[in-house]
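Asks: File name target06.txt; file contents compact mmCIF, C-alpha atoms; full text below.
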```txt
# COMPACT_ATOMS: atom_id res chain seq x y z
CA MET A 1357 14.56 5.31 -15.46
CA GLU A 1358 16.20 8.36 -13.84
CA ASP A 1359 15.83 9.25 -10.17
CA PRO A 1360 12.48 11.11 -10.03
CA VAL A 1361 13.21 12.72 -6.65
CA ARG A 1362 14.06 16.40 -6.68
CA ALA A 1363 17.01 17.77 -4.72
CA LEU A 1364 15.96 17.83 -1.06
CA PRO A 1365 16.50 20.75 1.32
CA PRO A 1366 18.93 20.26 4.22
CA LEU A 1367 17.32 18.04 6.86
CA SER A 1368 17.94 18.65 10.55
CA ARG A 1369 19.12 15.48 12.29
CA ASP A 1370 18.61 17.23 15.64
CA GLU A 1371 14.98 18.04 14.81
CA PHE A 1372 14.42 14.50 13.60
CA ALA A 1373 15.92 13.07 16.80
CA ARG A 1374 13.72 15.33 18.95
CA ARG A 1375 10.40 15.09 17.11
CA GLY A 1376 10.77 11.68 15.44
CA PHE A 1377 9.95 13.03 11.98
CA VAL A 1378 10.50 15.75 9.42
CA VAL A 1379 7.91 17.05 6.97
CA LEU A 1380 8.79 18.00 3.39
CA ARG A 1381 5.96 20.27 2.30
CA ALA A 1382 7.53 21.26 -1.00
CA PRO A 1383 6.90 18.38 -3.45
CA ILE A 1384 9.83 15.98 -3.77
CA ILE A 1385 8.36 14.48 -6.95
CA SER A 1386 6.40 16.26 -9.68
CA ARG A 1387 2.62 16.32 -10.03
CA ASP A 1388 3.05 14.48 -13.33
CA TYR A 1389 4.95 11.70 -11.58
CA CYS A 1390 2.21 11.44 -8.94
CA ASP A 1391 -0.34 11.10 -11.73
CA LEU A 1392 1.81 8.41 -13.36
CA LEU A 1393 2.02 6.42 -10.11
CA ASN A 1394 -1.72 6.73 -9.51
CA ALA A 1395 -2.37 5.40 -13.01
CA ARG A 1396 0.12 2.58 -12.46
CA LEU A 1397 -1.51 1.74 -9.12
CA GLU A 1398 -4.77 1.10 -10.98
CA LYS A 1399 -2.86 -1.31 -13.24
CA LEU A 1400 -1.28 -3.12 -10.29
CA LEU A 1401 -4.66 -3.58 -8.64
CA ARG A 1402 -5.80 -5.31 -11.83
CA GLY A 1403 -2.75 -7.57 -12.08
CA GLU A 1404 -1.14 -5.65 -14.94
CA TYR A 1405 2.64 -5.42 -14.39
CA ASP A 1406 5.38 -3.95 -16.58
CA VAL A 1407 8.40 -5.67 -14.98
CA PRO A 1408 8.94 -9.01 -16.77
CA GLY A 1409 8.33 -11.83 -14.32
CA GLY A 1410 7.66 -9.37 -11.51
CA ALA A 1411 4.73 -9.16 -9.11
CA PRO A 1412 3.95 -7.38 -5.85
CA ASP A 1413 4.23 -9.42 -2.66
CA LYS A 1414 0.63 -8.63 -1.74
CA VAL A 1415 -2.31 -7.32 -3.76
CA PRO A 1416 -5.92 -7.08 -2.52
CA ALA A 1417 -8.82 -8.68 -4.34
CA PHE A 1418 -10.14 -6.05 -6.74
CA ARG A 1419 -13.07 -6.40 -9.16
CA THR A 1420 -14.26 -2.87 -9.77
CA GLU A 1421 -15.22 -3.47 -13.41
CA THR A 1422 -18.12 -5.64 -12.29
CA ARG A 1423 -19.63 -2.53 -10.64
CA THR A 1424 -19.05 -0.17 -13.58
CA LYS A 1425 -21.57 0.45 -16.34
CA PRO A 1426 -20.52 -0.78 -19.80
CA GLY A 1427 -18.57 1.88 -21.67
CA LYS A 1428 -17.78 3.86 -18.52
CA LYS A 1429 -14.29 4.26 -17.06
CA PRO A 1430 -14.06 2.83 -13.52
CA PRO A 1431 -13.49 5.49 -10.86
CA PRO A 1432 -10.11 5.62 -9.07
CA LEU A 1433 -9.68 2.76 -6.57
CA GLY A 1434 -13.06 1.43 -7.66
CA GLY A 1435 -15.09 4.29 -6.22
CA PRO A 1436 -16.57 4.82 -2.75
CA SER A 1437 -15.87 2.06 -0.24
CA SER A 1438 -15.10 1.66 3.45
CA ARG A 1439 -12.19 -0.61 2.54
CA THR A 1440 -8.63 0.70 2.36
CA LEU A 1441 -6.49 -0.91 -0.35
CA GLN A 1442 -2.88 -1.92 0.31
CA VAL A 1443 -0.32 -3.15 -2.24
CA ILE A 1444 3.03 -4.34 -0.87
CA ASN A 1445 6.21 -4.03 -2.95
CA CYS A 1446 4.93 -2.25 -6.01
CA TRP A 1447 8.57 -1.74 -7.03
CA LYS A 1448 8.92 -5.41 -7.92
CA ALA A 1449 6.19 -5.16 -10.55
CA ASP A 1450 6.35 -1.61 -11.89
CA ALA A 1451 9.25 0.41 -13.25
CA ALA A 1452 7.87 3.82 -12.23
CA PHE A 1453 7.42 2.72 -8.62
CA ALA A 1454 10.86 1.07 -8.72
CA ALA A 1455 12.58 4.29 -9.78
CA LEU A 1456 11.10 6.11 -6.80
CA VAL A 1457 11.55 3.37 -4.21
CA ARG A 1458 15.17 2.81 -5.22
CA SER A 1459 15.99 6.52 -5.39
CA PRO A 1460 19.50 7.17 -4.04
CA THR A 1461 18.31 10.65 -3.04
CA LEU A 1462 15.76 9.14 -0.64
CA GLY A 1463 18.22 6.51 0.58
CA ARG A 1464 20.78 9.17 1.44
CA ALA A 1465 18.23 11.39 3.22
CA VAL A 1466 17.05 8.50 5.38
CA ALA A 1467 20.58 7.38 6.22
CA GLU A 1468 21.59 10.90 7.20
CA VAL A 1469 18.70 11.60 9.59
CA MET A 1470 18.95 8.11 11.12
CA GLY A 1471 22.74 8.20 11.44
CA TRP A 1472 23.28 5.11 9.25
CA ARG A 1473 26.19 4.44 6.92
CA GLY A 1474 23.78 3.22 4.24
CA ALA A 1475 20.10 2.52 3.54
CA ARG A 1476 18.34 -0.61 2.28
CA VAL A 1477 14.70 -0.96 1.19
CA ALA A 1478 12.71 -3.31 3.43
CA ASN A 1479 9.51 -2.88 1.43
CA ASP A 1480 7.11 -0.35 -0.03
CA GLN A 1481 3.39 -0.10 0.61
CA ALA A 1482 0.93 1.79 -1.57
CA TRP A 1483 -2.14 2.85 0.38
CA GLY A 1484 -5.38 3.74 -1.38
CA LYS A 1485 -8.31 5.15 0.56
CA PRO A 1486 -11.39 5.41 -1.67
CA PRO A 1487 -14.03 7.97 -0.73
CA GLY A 1488 -15.59 6.76 2.52
CA ALA A 1489 -12.63 4.57 3.52
CA ALA A 1490 -12.21 3.92 7.23
CA ALA A 1491 -9.45 5.24 9.47
CA LEU A 1492 -6.17 3.36 9.95
CA THR A 1493 -5.32 2.76 13.59
CA PHE A 1494 -2.35 4.45 15.22
CA HIS A 1495 0.67 2.16 15.31
CA ARG A 1496 4.43 1.90 15.01
CA ASP A 1497 6.24 0.43 11.99
CA SER A 1498 9.30 -1.09 13.66
CA PRO A 1499 7.63 -4.08 15.38
CA TYR A 1500 6.59 -5.51 12.01
CA PHE A 1501 10.16 -5.92 10.69
CA ASP A 1502 12.25 -8.84 11.99
CA PHE A 1503 15.71 -7.49 11.27
CA VAL A 1504 18.81 -6.67 13.30
CA PRO A 1505 19.56 -3.97 14.06
CA ALA A 1506 15.90 -3.17 14.72
CA ALA A 1507 16.08 0.38 13.35
CA VAL A 1508 13.48 1.30 10.70
CA ALA A 1509 12.69 4.57 8.94
CA THR A 1510 9.75 5.33 6.69
CA VAL A 1511 9.35 7.82 3.86
CA TRP A 1512 5.68 8.56 3.18
CA ILE A 1513 4.86 10.38 -0.08
CA ALA A 1514 1.46 11.90 -0.84
CA LEU A 1515 0.19 11.02 -4.30
CA ASP A 1516 -2.82 13.33 -3.92
CA ALA A 1517 -3.07 16.79 -2.38
CA MET A 1518 -3.80 16.09 1.27
CA THR A 1519 -6.55 17.88 3.16
CA GLU A 1520 -8.06 17.11 6.55
CA GLU A 1521 -11.15 15.70 4.81
CA LEU A 1522 -9.14 12.97 3.07
CA GLY A 1523 -7.61 11.54 6.25
CA PRO A 1524 -3.90 12.24 5.76
CA LEU A 1525 -1.12 10.75 7.86
CA GLU A 1526 -0.75 12.07 11.42
CA TYR A 1527 2.44 11.99 13.51
CA VAL A 1528 2.57 12.00 17.32
CA GLU A 1529 5.54 14.17 18.19
CA GLY A 1530 8.18 12.56 20.40
CA SER A 1531 6.43 9.20 20.61
CA HIS A 1532 9.44 7.42 19.09
CA ALA A 1533 11.09 7.80 22.49
CA TRP A 1534 8.37 5.88 24.35
CA GLY A 1535 8.93 2.36 25.65
CA ASP A 1536 7.97 -0.89 23.94
CA GLY A 1537 4.96 -1.79 26.07
CA ARG A 1538 2.30 -1.64 23.35
CA VAL A 1539 2.54 -2.41 19.63
CA GLY A 1540 -0.68 -4.02 18.37
CA SER A 1541 -0.91 -6.37 15.39
CA ALA A 1542 -1.01 -5.97 11.62
CA GLU A 1543 -4.72 -6.84 11.59
CA GLN A 1544 -5.40 -3.80 13.78
CA PHE A 1545 -4.30 -1.42 11.02
CA PHE A 1546 -7.76 -1.80 9.57
CA ASP A 1547 -9.72 -1.90 12.87
CA SER A 1548 -11.41 1.50 12.80
CA ARG A 1549 -13.64 1.02 15.85
CA ASP A 1550 -11.22 3.05 17.97
CA PRO A 1551 -8.12 4.01 15.95
CA THR A 1552 -6.52 5.83 18.92
CA ALA A 1553 -6.99 3.09 21.55
CA LEU A 1554 -3.48 1.61 21.28
CA LEU A 1555 -1.93 5.09 21.07
CA TYR A 1556 -3.63 6.38 24.22
CA ASP A 1557 -2.86 3.19 26.11
CA ALA A 1558 0.82 3.49 25.16
CA ALA A 1559 0.82 7.16 26.21
CA ARG A 1560 -0.66 6.35 29.60
CA ARG A 1561 2.02 3.72 30.11
CA GLU A 1562 4.48 6.58 29.62
CA GLY A 1563 2.83 8.51 32.43
CA ILE A 1564 0.81 10.84 30.19
CA ALA A 1565 -2.40 11.12 32.18
CA GLU A 1566 -4.64 12.80 29.58
CA PRO A 1567 -3.25 11.93 26.13
CA GLU A 1568 -6.43 13.06 24.40
CA ALA A 1569 -5.59 16.64 25.35
CA SER A 1570 -1.82 16.68 25.76
CA LEU A 1571 -0.32 14.84 22.79
CA VAL A 1572 1.14 17.00 20.01
CA VAL A 1573 -0.12 15.62 16.70
CA GLU A 1574 0.96 16.96 13.31
CA ARG A 1575 -1.16 16.22 10.27
CA LEU A 1576 0.57 15.97 6.90
CA ASP A 1577 -1.51 18.44 4.93
CA VAL A 1578 0.93 18.46 2.02
CA PRO A 1579 0.46 18.87 -1.74
CA ALA A 1580 0.78 15.94 -4.08
CA GLY A 1581 4.44 14.98 -4.01
CA GLY A 1582 4.93 16.30 -0.47
CA ALA A 1583 6.35 13.85 2.03
CA GLY A 1584 7.29 12.97 5.58
CA ILE A 1585 10.20 10.94 6.94
CA HIS A 1586 9.62 9.28 10.29
CA ASN A 1587 11.39 7.03 12.73
CA GLY A 1588 9.88 3.53 12.68
CA ARG A 1589 9.19 3.83 16.41
CA LEU A 1590 6.99 6.89 15.95
CA TRP A 1591 3.27 6.43 16.59
CA HIS A 1592 1.22 7.48 13.58
CA GLY A 1593 -2.14 6.81 11.94
CA SER A 1594 -4.75 8.45 9.74
CA GLY A 1595 -8.43 9.37 9.81
CA ARG A 1596 -11.18 8.21 7.50
CA ASN A 1597 -11.63 9.65 4.04
CA ARG A 1598 -14.76 11.75 4.51
CA SER A 1599 -14.83 12.94 0.90
CA ARG A 1600 -17.65 11.60 -1.26
CA THR A 1601 -15.66 11.92 -4.48
CA GLN A 1602 -11.91 12.18 -3.90
CA PRO A 1603 -9.51 9.25 -3.33
CA ARG A 1604 -6.56 9.53 -0.97
CA ARG A 1605 -3.40 7.76 -2.19
CA GLY A 1606 0.10 7.59 -0.76
CA LEU A 1607 3.24 5.50 -0.86
CA GLY A 1608 5.19 4.42 2.20
CA ILE A 1609 8.77 3.19 1.74
CA HIS A 1610 10.33 1.39 4.70
CA PHE A 1611 14.11 1.47 5.04
CA VAL A 1612 16.54 -0.41 7.28
CA PRO A 1613 20.33 0.02 7.66
CA ALA A 1614 22.35 -1.28 4.73
CA ASP A 1615 23.99 -3.85 7.02
CA ALA A 1616 20.71 -5.19 8.46
CA ARG A 1617 20.20 -8.95 8.65
CA PHE A 1618 17.29 -11.27 9.37
CA ARG A 1619 16.59 -11.86 13.04
CA ASP A 1620 16.07 -15.48 13.99
CA ALA A 1621 12.36 -16.30 14.04
CA GLU A 1622 10.90 -16.54 17.54
CA ASN A 1623 8.57 -19.45 18.37
CA GLY A 1624 8.36 -20.31 14.68
CA TYR A 1625 6.81 -16.93 13.80
CA GLU A 1626 8.05 -15.38 10.57
CA THR A 1627 7.07 -12.23 8.71
CA LEU A 1628 6.28 -11.86 5.01
CA ALA A 1629 9.92 -10.92 4.41
CA HIS A 1630 11.21 -14.28 5.65
CA ARG A 1631 10.17 -15.96 2.40
CA PHE A 1632 13.36 -14.49 0.92
CA ARG A 1633 15.63 -15.94 3.57
CA ASP A 1634 18.38 -18.29 2.40
CA PRO A 1635 17.08 -21.87 2.96
CA SER A 1636 20.55 -22.87 4.14
CA GLY A 1637 19.94 -20.77 7.22
CA GLY A 1638 21.91 -17.63 6.39
CA ASN A 1639 20.65 -14.36 7.82
CA ALA A 1640 21.93 -12.02 5.09
CA LEU A 1641 19.29 -9.94 3.30
CA PRO A 1642 19.43 -10.73 -0.43
CA ASP A 1643 19.96 -7.60 -2.49
CA HIS A 1644 17.47 -8.65 -5.17
CA ALA A 1645 14.65 -8.48 -2.60
CA PHE A 1646 16.03 -5.79 -0.27
CA PRO A 1647 18.07 -3.42 -2.44
CA VAL A 1648 20.68 -1.10 -0.97
CA THR A 1649 19.94 2.34 -2.41
CA TRP A 1650 22.71 4.43 -0.86
CA THR A 1651 25.97 3.93 1.07
CA MET A 1652 28.72 6.26 2.26
```
Produce structure tokens that represent the structure in this file.

Replies:
Amino acid sequence: MEDPVRALPPLSRDEFARRGFVVLRAPIISRDYCDLLNARLEKLLRGEYDVPGGAPDKVPAFRTETRTKPGKKPPPLGGPSSRTLQVINCWKADAAFAALVRSPTLGRAVAEVMGWRGARVANDQAWGKPPGAAALTFHRDSPYFDFVPAAVATVWIALDAMTEELGPLEYVEGSHAWGDGRVGSAEQFFDSRDPTALLYDAARREGIAEPEASLVVERLDVPAGGAGIHNGRLWHGSGRNRSRTQPRRGLGIHFVPADARFRDAENGYETLAHRFRDPSGGNALPDHAFPVTWTM
């Protein structure tokens, strides 16, 4: 399958270094390709894969047909729910996702703004917020990847037209430069009781007395196919989907430098990625699980 990513405009490395992100409001993939990925996401949620022998690394339990009247087509993502759906590494199970995730155009863009000599895919994550889905707490991506060097960059692509009502991604400008005092845990992604608690605590540790009023937050109100690229240290999150009818779907692709290696596990703790580590103890990232998509 050909690279589905359109030619990207020049990206400012200086702006990226200052703000921690760039926003691509003009679609980088077509509306038709977004529709294809949304249709394929429904298949993945039901365990239907088109890559022989392939499967995502994580798929949520999904039984929407049991709630659908006979003869009726199930609504996208199963219809209204407070539960956000996450599928990890769609590219391993679906050719359309693979063509996008492994796009050399995206790999080059990430490497250029991050100052890397090459880019490697750490994983992808499809996020589906049905109507009524809860907020996702503000967090950083980097702490959840045990690689050296520790640099991470994320490309987030909207698969639906994003409006404030749907709860699109929000970036906190300059927060990639903050210290490492607060990171949270993966379980807190889905803790919607106070999605800004970790963010505001981290800001106060940086000497920002009133973060509620002083932080500069940019919401990604982009059309389907629009995107953002952000530093893995940037604080970001998203609000709840307040729509009663419209789903909110997006794909995040996490990249690391092409020469990244596994970091030794600390205190026996290993991430999901460590299952692919060489049992002989080598720290090299295997290309079949972490493909290099662009090098100089």

Asks: Residues at most 10 Å from Trp1472 in chain A, counting all atoms listed in the file, excluding those fewer than 6 positions away in the same chain, as number ranges by chain?

Replies: A: 1464, 1466, 1507, 1612-1615, 1651-1652

Asks: For the residues selected in the previous step, produce a file with C-alpha atoms as a CSV table (one decimal), keeping the file's coordinate frame.

Replies:
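Written file, part38.csv:
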```csv
chain,number,residue,atom,x,y,z
A,1464,ARG,CA,20.8,9.2,1.4
A,1466,VAL,CA,17.0,8.5,5.4
A,1507,ALA,CA,16.1,0.4,13.4
A,1612,VAL,CA,16.5,-0.4,7.3
A,1613,PRO,CA,20.3,0.0,7.7
A,1614,ALA,CA,22.4,-1.3,4.7
A,1615,ASP,CA,24.0,-3.8,7.0
A,1651,THR,CA,26.0,3.9,1.1
A,1652,MET,CA,28.7,6.3,2.3
```

Asks: If we count only C-alpha atoms and set the cut-off at 10 Å, which residues sit around Leu1393 in chain A, ignoring sequence neighbours fewer than 3 positions away in its own chain? Please answer as a list in words.

Replies: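 Selected residues are Arg1387, Asp1388, Tyr1389, Cys1390, Arg1396, Leu1397, Glu1398, Lys1399, Asp1450, Ala1451, Ala1452, Phe1453, Leu1456, Ala1482, Leu1515, Arg1605, Gly1606 and Leu1607 of chain A.
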
Asks: Write out as a PDB file with C-alpha atoms, in the frame of the given file which residues come within 7 Å of range 1484-1490 of chain A when counting only C-alpha atoms, dropping same-chain ones fewer than 2 positions away.

Replies:
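The result, written out as selection.pdb:
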```
ATOM      1  CA  LEU A1433      -9.680   2.760  -6.570  1.00  0.00           C
ATOM      2  CA  GLY A1435     -15.090   4.290  -6.220  1.00  0.00           C
ATOM      3  CA  PRO A1436     -16.570   4.820  -2.750  1.00  0.00           C
ATOM      4  CA  SER A1437     -15.870   2.060  -0.240  1.00  0.00           C
ATOM      5  CA  SER A1438     -15.100   1.660   3.450  1.00  0.00           C
ATOM      6  CA  ARG A1439     -12.190  -0.610   2.540  1.00  0.00           C
ATOM      7  CA  THR A1440      -8.630   0.700   2.360  1.00  0.00           C
ATOM      8  CA  LEU A1441      -6.490  -0.910  -0.350  1.00  0.00           C
ATOM      9  CA  GLN A1442      -2.880  -1.920   0.310  1.00  0.00           C
ATOM     10  CA  ALA A1482       0.930   1.790  -1.570  1.00  0.00           C
ATOM     11  CA  LEU A1492      -6.170   3.360   9.950  1.00  0.00           C
ATOM     12  CA  SER A1548     -11.410   1.500  12.800  1.00  0.00           C
ATOM     13  CA  ARG A1596     -11.180   8.210   7.500  1.00  0.00           C
ATOM     14  CA  ASN A1597     -11.630   9.650   4.040  1.00  0.00           C
ATOM     15  CA  ARG A1598     -14.760  11.750   4.510  1.00  0.00           C
ATOM     16  CA  SER A1599     -14.830  12.940   0.900  1.00  0.00           C
ATOM     17  CA  ARG A1600     -17.650  11.600  -1.260  1.00  0.00           C
ATOM     18  CA  THR A1601     -15.660  11.920  -4.480  1.00  0.00           C
ATOM     19  CA  GLN A1602     -11.910  12.180  -3.900  1.00  0.00           C
ATOM     20  CA  PRO A1603      -9.510   9.250  -3.330  1.00  0.00           C
ATOM     21  CA  ARG A1604      -6.560   9.530  -0.970  1.00  0.00           C
ATOM     22  CA  ARG A1605      -3.400   7.760  -2.190  1.00  0.00           C
ATOM     23  CA  GLY A1606       0.100   7.590  -0.760  1.00  0.00           C
TER      24      GLY A1606
END
```

Asks: Looking at all atoms listed in the file, which of A:Arg1419, A:Arg1402, A:Arg1560, A:Arg1476 is the one that sits closest to Gly1463 in chain A?

Replies: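 Ranked by minimum distance to Gly1463 in chain A, first place goes to A:Arg1476.
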
Asks: Suppose you want the space between CA of Arg1496 in chain A and CA of Asp1577 in chain A; what is it in Å?

Replies: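 Atom-to-atom, CA of Arg1496 in chain A to CA of Asp1577 in chain A, that is 20.3 Å.
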
Asks: Residues around (-2.1, 5.5, 12.5), cut-off 6 Å, counting only C-alpha atoms - what are they as a list in words?

Replies: Leu1492, Thr1493, Phe1494, His1495, His1592, Gly1593 and Ser1594 of chain A

Asks: Rounded to one decimal in Å, what is the spacing between CA of His1610 in chain A and CA of Ala1475 in chain A?

Replies: 9.9 Å

Asks: Quick one: pull the distance between CA of Pro1499 in chain A and CA of Glu1562 in chain A, Å, one decimal.

Replies: 18.1 Å
